[in-house]
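*Asks:* Contents are compact mmCIF, C-alpha atoms and all ligand atoms; file name run.txt:
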```
# COMPACT_ATOMS: atom_id res chain seq x y z
CA MET U 1 69.91 24.05 -10.64
CA SER U 2 67.78 21.33 -12.09
CA ASP U 3 67.90 19.15 -8.97
CA ASP U 4 65.62 21.60 -7.06
CA PRO U 5 62.92 19.14 -5.94
CA LYS U 6 60.14 21.75 -6.07
CA SER U 7 60.63 22.81 -9.67
CA GLY U 8 61.15 19.19 -10.59
CA LEU U 9 57.83 18.24 -9.06
CA LEU U 10 56.08 21.26 -10.59
CA GLY U 11 57.47 20.34 -13.93
CA GLN U 12 56.15 16.81 -13.55
CA ILE U 13 52.70 18.02 -12.53
CA LYS U 14 52.60 20.41 -15.48
CA ASP U 15 53.59 17.65 -17.87
CA LYS U 16 50.93 15.42 -16.41
CA LEU U 17 48.30 18.14 -16.75
CA ILE U 18 49.18 18.87 -20.35
CA SER U 19 49.20 15.25 -21.37
CA SER U 20 45.86 14.61 -19.64
CA LYS U 21 44.34 17.62 -21.43
CA GLU U 22 45.74 16.38 -24.70
CA LYS U 23 44.18 13.02 -23.99
CA THR U 24 40.79 14.60 -23.29
CA ALA U 25 40.90 16.54 -26.55
CA GLU U 26 41.92 13.44 -28.44
CA GLN U 27 39.12 11.41 -26.87
CA GLY U 28 36.64 14.15 -27.61
CA ARG U 29 37.41 13.77 -31.27
CA HIS U 30 37.67 10.06 -31.65
CA LEU U 31 36.07 8.06 -28.87
CA THR U 32 32.58 6.83 -29.46
CA GLY U 33 30.19 7.36 -26.63
CA MET U 34 31.70 10.50 -25.10
CA PRO U 35 28.94 13.04 -24.51
CA ASP U 36 29.41 16.15 -26.67
CA ALA U 37 29.09 18.33 -23.55
CA GLU U 38 32.24 16.71 -22.11
CA ARG U 39 34.38 17.35 -25.13
CA ALA U 40 37.31 19.63 -24.44
CA ASP U 41 37.04 20.88 -28.00
CA ARG U 42 33.43 21.01 -29.08
CA LEU U 43 33.11 23.24 -32.13
CA PRO U 44 34.46 21.63 -35.32
CA PRO U 45 36.60 23.74 -37.67
CA GLY U 46 34.73 26.28 -39.78
CA GLN U 47 31.53 26.06 -37.69
CA HIS U 48 29.73 28.69 -35.62
CA ARG U 49 27.23 28.13 -32.84
CA VAL U 50 23.52 28.93 -33.17
CA ASP U 51 20.75 28.77 -30.56
CA LYS U 52 17.73 28.54 -32.85
CA TRP U 53 17.30 25.40 -34.92
CA PRO U 54 17.38 26.25 -38.66
CA VAL U 55 15.26 24.35 -41.20
CA LEU U 56 16.97 22.98 -44.31
CA ASP U 57 15.46 20.78 -46.98
CA LEU U 58 14.56 20.66 -50.65
CA GLY U 59 11.59 22.97 -50.18
CA ILE U 60 9.08 20.16 -49.95
CA GLN U 61 7.97 19.33 -46.42
CA PRO U 62 5.74 16.27 -46.74
CA ASP U 63 2.82 15.98 -44.37
CA VAL U 64 3.11 12.41 -43.07
CA PRO U 65 0.49 11.67 -40.39
CA LYS U 66 1.51 9.08 -37.81
CA GLU U 67 -1.53 7.02 -38.81
CA SER U 68 -0.31 6.48 -42.37
CA TRP U 69 3.46 6.55 -41.71
CA GLU U 70 5.37 3.34 -42.37
CA LEU U 71 9.06 2.54 -42.21
CA THR U 72 10.44 -0.39 -44.18
CA ILE U 73 13.88 -1.79 -43.36
CA ASP U 74 15.01 -4.16 -46.06
CA GLY U 75 17.75 -5.12 -48.52
CA ALA U 76 20.70 -7.17 -47.30
CA VAL U 77 19.16 -8.21 -43.97
CA GLU U 78 18.02 -11.57 -42.58
CA ASN U 79 14.82 -10.19 -41.16
CA PRO U 80 13.26 -7.30 -43.11
CA VAL U 81 10.53 -5.40 -41.24
CA THR U 82 7.88 -2.79 -41.90
CA TRP U 83 6.89 -0.77 -38.86
CA ASP U 84 3.73 1.23 -38.51
CA TRP U 85 3.56 3.92 -35.83
CA SER U 86 2.42 1.71 -32.96
CA THR U 87 4.96 -1.03 -33.74
CA PHE U 88 7.68 1.63 -33.86
CA MET U 89 6.59 3.04 -30.49
CA ASP U 90 6.50 -0.50 -29.03
CA GLN U 91 10.26 -0.84 -29.61
CA PRO U 92 12.61 -0.06 -26.68
CA GLN U 93 13.01 3.70 -26.42
CA ILE U 94 16.18 5.66 -25.68
CA SER U 95 17.02 9.28 -25.04
CA HIS U 96 20.27 10.83 -26.19
CA VAL U 97 21.75 14.33 -26.13
CA SER U 98 24.03 15.36 -28.99
CA ASP U 99 25.27 18.32 -31.03
CA ILE U 100 24.17 19.11 -34.58
CA HIS U 101 26.77 20.18 -37.14
CA CYS U 102 25.40 21.34 -40.50
CA VAL U 103 27.68 21.59 -43.51
CA THR U 104 26.36 25.14 -44.07
CA THR U 105 28.49 25.97 -40.96
CA TRP U 106 25.96 26.17 -38.12
CA SER U 107 26.20 23.97 -35.05
CA ARG U 108 23.56 23.55 -32.37
CA TYR U 109 24.57 22.09 -29.02
CA ASP U 110 22.69 19.80 -26.63
CA ASN U 111 19.76 18.44 -28.61
CA ARG U 112 17.82 15.83 -26.71
CA TRP U 113 16.42 13.14 -28.98
CA ASP U 114 13.97 10.41 -28.06
CA GLY U 115 13.39 7.37 -30.21
CA VAL U 116 14.62 3.92 -31.15
CA ALA U 117 18.35 3.15 -31.06
CA GLY U 118 20.06 2.24 -34.31
CA THR U 119 21.69 -0.66 -32.45
CA HIS U 120 18.25 -2.07 -31.58
CA LEU U 121 17.24 -1.91 -35.22
CA LEU U 122 20.43 -3.75 -36.21
CA ASP U 123 19.79 -6.47 -33.60
CA LEU U 124 16.31 -6.95 -34.98
CA VAL U 125 16.90 -6.99 -38.76
CA LYS U 126 20.32 -8.71 -38.65
CA PRO U 127 22.41 -7.34 -41.51
CA LYS U 128 23.80 -10.02 -43.82
CA ALA U 129 27.56 -10.48 -44.03
CA ASP U 130 27.76 -8.54 -47.30
CA ALA U 131 25.78 -5.52 -45.99
CA LYS U 132 28.25 -2.65 -45.92
CA HIS U 133 26.12 0.43 -46.64
CA LEU U 134 22.80 1.94 -45.61
CA ILE U 135 20.68 4.03 -47.94
CA PHE U 136 18.02 6.22 -46.35
CA HIS U 137 14.92 7.00 -48.43
CA SER U 138 12.53 9.74 -47.35
CA TYR U 139 8.95 10.76 -48.08
CA ASP U 140 10.14 13.88 -49.96
CA GLY U 141 12.28 11.79 -52.34
CA TYR U 142 15.51 12.68 -50.50
CA THR U 143 18.18 9.99 -50.12
CA THR U 144 21.48 9.80 -48.26
CA ASN U 145 23.99 7.02 -47.59
CA VAL U 146 26.29 5.96 -44.76
CA ARG U 147 28.63 3.06 -44.17
CA LEU U 148 27.10 0.43 -41.88
CA GLU U 149 29.75 1.08 -39.22
CA MET U 150 28.49 4.66 -38.83
CA PHE U 151 25.07 3.33 -37.91
CA GLN U 152 26.51 1.04 -35.23
CA ASP U 153 27.37 3.87 -32.82
CA ALA U 154 25.37 4.07 -29.59
CA ASP U 155 24.41 7.70 -30.36
CA VAL U 156 22.48 6.87 -33.56
CA LEU U 157 18.70 6.83 -33.36
CA LEU U 158 15.42 7.04 -35.20
CA ALA U 159 14.01 10.05 -33.42
CA HIS U 160 10.38 11.00 -32.94
CA SER U 161 10.96 13.78 -30.38
CA TRP U 162 13.28 16.73 -29.80
CA GLU U 163 13.56 18.38 -26.40
CA GLY U 164 10.69 16.29 -25.11
CA ALA U 165 8.15 17.26 -27.77
CA PRO U 166 7.20 15.45 -30.99
CA LEU U 167 9.22 16.52 -34.03
CA THR U 168 7.50 19.23 -36.03
CA ARG U 169 6.69 18.68 -39.69
CA GLU U 170 9.54 20.90 -40.94
CA HIS U 171 12.08 18.96 -38.88
CA GLY U 172 11.00 15.57 -40.25
CA ALA U 173 7.91 14.33 -38.40
CA PRO U 174 6.94 11.77 -37.51
CA VAL U 175 10.40 10.12 -37.54
CA ARG U 176 13.86 11.16 -38.70
CA VAL U 177 17.29 9.62 -38.50
CA ILE U 178 19.93 11.16 -36.20
CA ILE U 179 23.61 10.38 -36.87
CA PRO U 180 25.35 12.92 -34.63
CA LYS U 181 28.92 12.17 -35.70
CA TRP U 182 28.27 13.18 -39.33
CA TYR U 183 27.18 16.51 -40.80
CA PHE U 184 23.43 16.86 -40.59
CA TRP U 185 22.69 16.17 -44.26
CA LYS U 186 23.27 12.49 -43.37
CA SER U 187 20.32 12.65 -40.91
CA ALA U 188 17.31 11.97 -43.13
CA LYS U 189 14.00 13.63 -42.20
CA TRP U 190 10.59 11.98 -42.92
CA ILE U 191 12.23 8.56 -43.06
CA LYS U 192 10.38 5.98 -45.14
CA ARG U 193 12.84 3.22 -45.93
CA ILE U 194 16.25 2.08 -44.76
CA GLU U 195 17.92 -0.09 -47.34
CA PHE U 196 20.91 -2.27 -46.46
CA SER U 197 23.22 -2.82 -49.39
CA ALA U 198 26.44 -4.51 -50.39
CA ILE U 199 27.04 -1.70 -52.87
CA ASP U 200 27.27 1.96 -51.97
CA GLN U 201 24.62 4.27 -53.46
CA PRO U 202 25.49 7.95 -53.07
CA GLY U 203 22.41 9.99 -52.16
CA PHE U 204 20.86 13.29 -53.21
CA TRP U 205 23.67 15.60 -52.06
CA GLU U 206 26.43 13.02 -52.45
CA VAL U 207 25.86 12.97 -56.23
CA ARG U 208 25.75 16.78 -56.24
CA GLY U 209 29.24 17.46 -54.95
CA TYR U 210 28.97 16.68 -51.24
CA ASN U 211 31.50 14.33 -49.67
CA ASN U 212 30.55 10.66 -49.45
CA ASP U 213 31.53 10.77 -45.76
CA GLY U 214 30.55 13.65 -43.50
CA ASP U 215 32.96 13.98 -40.58
CA PRO U 216 32.79 17.59 -39.32
CA TRP U 217 36.16 17.21 -37.55
CA LYS U 218 37.80 16.38 -40.87
CA GLU U 219 35.68 18.92 -42.74
CA ASP U 220 34.33 16.28 -45.12
CA ARG U 221 32.17 18.94 -46.78
CA TYR U 222 32.56 18.69 -50.52
CA SER U 223 34.06 16.10 -52.79
CA MET U 224 35.97 18.49 -55.03
N1 LIG D 301 14.16 13.99 -46.12
C1 LIG D 301 15.09 14.93 -46.04
N2 LIG D 301 16.00 14.85 -45.08
C2 LIG D 301 16.95 15.81 -44.96
C3 LIG D 301 17.03 16.89 -45.88
C4 LIG D 301 16.05 16.93 -46.91
O1 LIG D 301 16.01 17.83 -47.77
N3 LIG D 301 15.08 15.94 -46.95
N4 LIG D 301 18.03 17.82 -45.76
C5 LIG D 301 19.22 17.44 -44.99
C6 LIG D 301 20.03 18.59 -44.66
S1 LIG D 301 21.04 19.21 -45.86
C7 LIG D 301 20.10 19.07 -43.37
S2 LIG D 301 21.20 20.26 -42.93
C8 LIG D 301 19.17 18.59 -42.33
C9 LIG D 301 18.35 19.75 -41.81
O2 LIG D 301 17.49 19.32 -40.80
P1 LIG D 301 16.60 20.40 -40.08
O3 LIG D 301 15.77 21.10 -41.12
O4 LIG D 301 15.80 19.66 -39.10
O5 LIG D 301 17.58 21.37 -39.44
O6 LIG D 301 18.28 17.61 -42.80
C10 LIG D 301 18.84 16.70 -43.72
N5 LIG D 301 17.86 15.69 -43.97
MO MO D 302 22.65 20.63 -44.61
```
Can you present the structure in this file as structure tokens?
Ligand SMILES: Nc1nc2c(c(=O)[nH]1)N[C@H]1C(S)=C(S)[C@@H](COP(=O)(O)O)O[C@H]1N2
Ligand SMILES: [Mo]
*Replies:*
Amino acid sequence: MSDDPKSGLLGQIKDKLISSKEKTAEQGRHLTGMPDAERADRLPPGQHRVDKWPVLDLGIQPDVPKESWELTIDGAVENPVTWDWSTFMDQPQISHVSDIHCVTTWSRYDNRWDGVAGTHLLDLVKPKADAKHLIFHSYDGYTTNVRLEMFQDADVLLAHSWEGAPLTREHGAPVRVIIPKWYFWKSAKWIKRIEFSAIDQPGFWEVRGYNNDGDPWKEDRYSM
């Protein structure tokens, strides 16, 4: 009979458990700020996990010494800046752990990045009201674009270190962008300029068939 108090209670507990697990999975996908390690569902569709960190680029790995590196942040901002290395290192520093998802289907968990938070940069340069897009320009000629709102997440940073050691040349030294919620092609290595723009400007891969967005959970891989 359905009025058995025990089975009724069990049923309630089970329902509660399922709905709380569903909630966790949902949050893992959509909430900003949840650490990747706490996601119930961590590997996006079509991805496999790797332990070693692969190198992917256009085949040119520019040698950019810290001493001559400069980063210009300009375009549709109230307060454009150019940082040299020591000015960059004088900014407040953060540390953040996140997963990498590359469109070529590898994912690497738990990467600890040190650097300057994207939110700090935004506070400093003050995007104008019409700034809706960011275009990243790199020392190897690479470009990539994101909507401003993607850069506003607390997990975005300009990283100079990985796992406690300075980035190596092949991974984008001295400074690269990290946008963990997008596929890794959106994370420009050897960053040279961040341009704020009212108009979107698709970057190197975006004009060559990659999606204009890059959400691994939606498999925003290619535009065709
Ligand atoms: N400047 C620059 N940034 C870049 C690229 C590039 O060719 N040049 N390749 C992108 C791609 S497609 C990927 S998957 C990642 C690879 O970063 P990694 O070599 O550190 O793994 O960098 C991205 N950022
Ligand atoms: Mo990539």
*Asks:* Counting all atoms listed in the file, which protein, DNA or RNA residues come within 7 Å of ligand LIG 301 (chain D), given as a list in words?
*Replies:* Trp53, Pro54, Val55, Leu56, Asp57, Leu58, Cys102, Val103, Ser138, Tyr139, Asp140, Gly141, Tyr142, Thr143, Glu170, His171, Gly172, Phe184, Trp185, Lys186, Ser187, Ala188, Lys189, Trp190 and Ile191 of chain U
*Asks:* Using all atoms listed in the file, which residue out of U:Ile94, U:Val50, U:Val156, U:Leu134 lies closest to Asp110 (chain U)?
*Replies:*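 Nearest to Asp110 (chain U): U:Val50.
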*Asks:* CA of Lys132 (chain U) to CA of Gly118 (chain U): how many Å, to one decimal?
*Replies:*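 One can read the CA of Lys132 (chain U) to CA of Gly118 (chain U) distance as 15.0 Å.
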*Asks:* Find, counting all atoms listed in the file, the residue in U:Ser95, U:Ser161, U:Thr105, U:Thr168 that gets nearest to ligand MO 302 (chain D).
*Replies:*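 Selected residue with least distance to ligand MO 302 (chain D): U:Thr105.
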*Asks:* Mind checking which residues fall within 12 Å of Tyr109 (chain U), counting all atoms listed in the file, ignoring those fewer than 4 positions away in the same chain, and posting them as a ChimeraX atom specification?
*Replies:* /U:35-39,42-44,47-53,97-102,163,180
*Asks:* Which residue out of U:Trp106, U:Trp85, U:Trp217, U:Phe196 has the minimum interatomic distance to ligand MO 302 (chain D) when only C-alpha atoms and all ligand atoms are used?
*Replies:* U:Trp106
*Asks:* Pick out the closest residue to Thr82 (chain U) from this set: U:Glu219, U:Glu206, U:Glu195, U:Asp155. Count all atoms listed in the file.
*Replies:* U:Glu195
*Asks:* Select, from U:Lys126, U:Lys192, U:Arg221, U:Lys181, the residue with the minimum atom-to-atom distance to Pro80 (chain U), counting all atoms listed in the file.
*Replies:*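 So, comparing all the options, the nearest one is U:Lys126.
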*Asks:* Which of these, U:Tyr183, U:Phe151, U:Tyr222, U:Trp162, has the shortest distance to ligand MO 302 (chain D) once you count all atoms listed in the file?
*Replies:*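 The shortest atom-to-atom distance to ligand MO 302 (chain D) comes from U:Tyr183.
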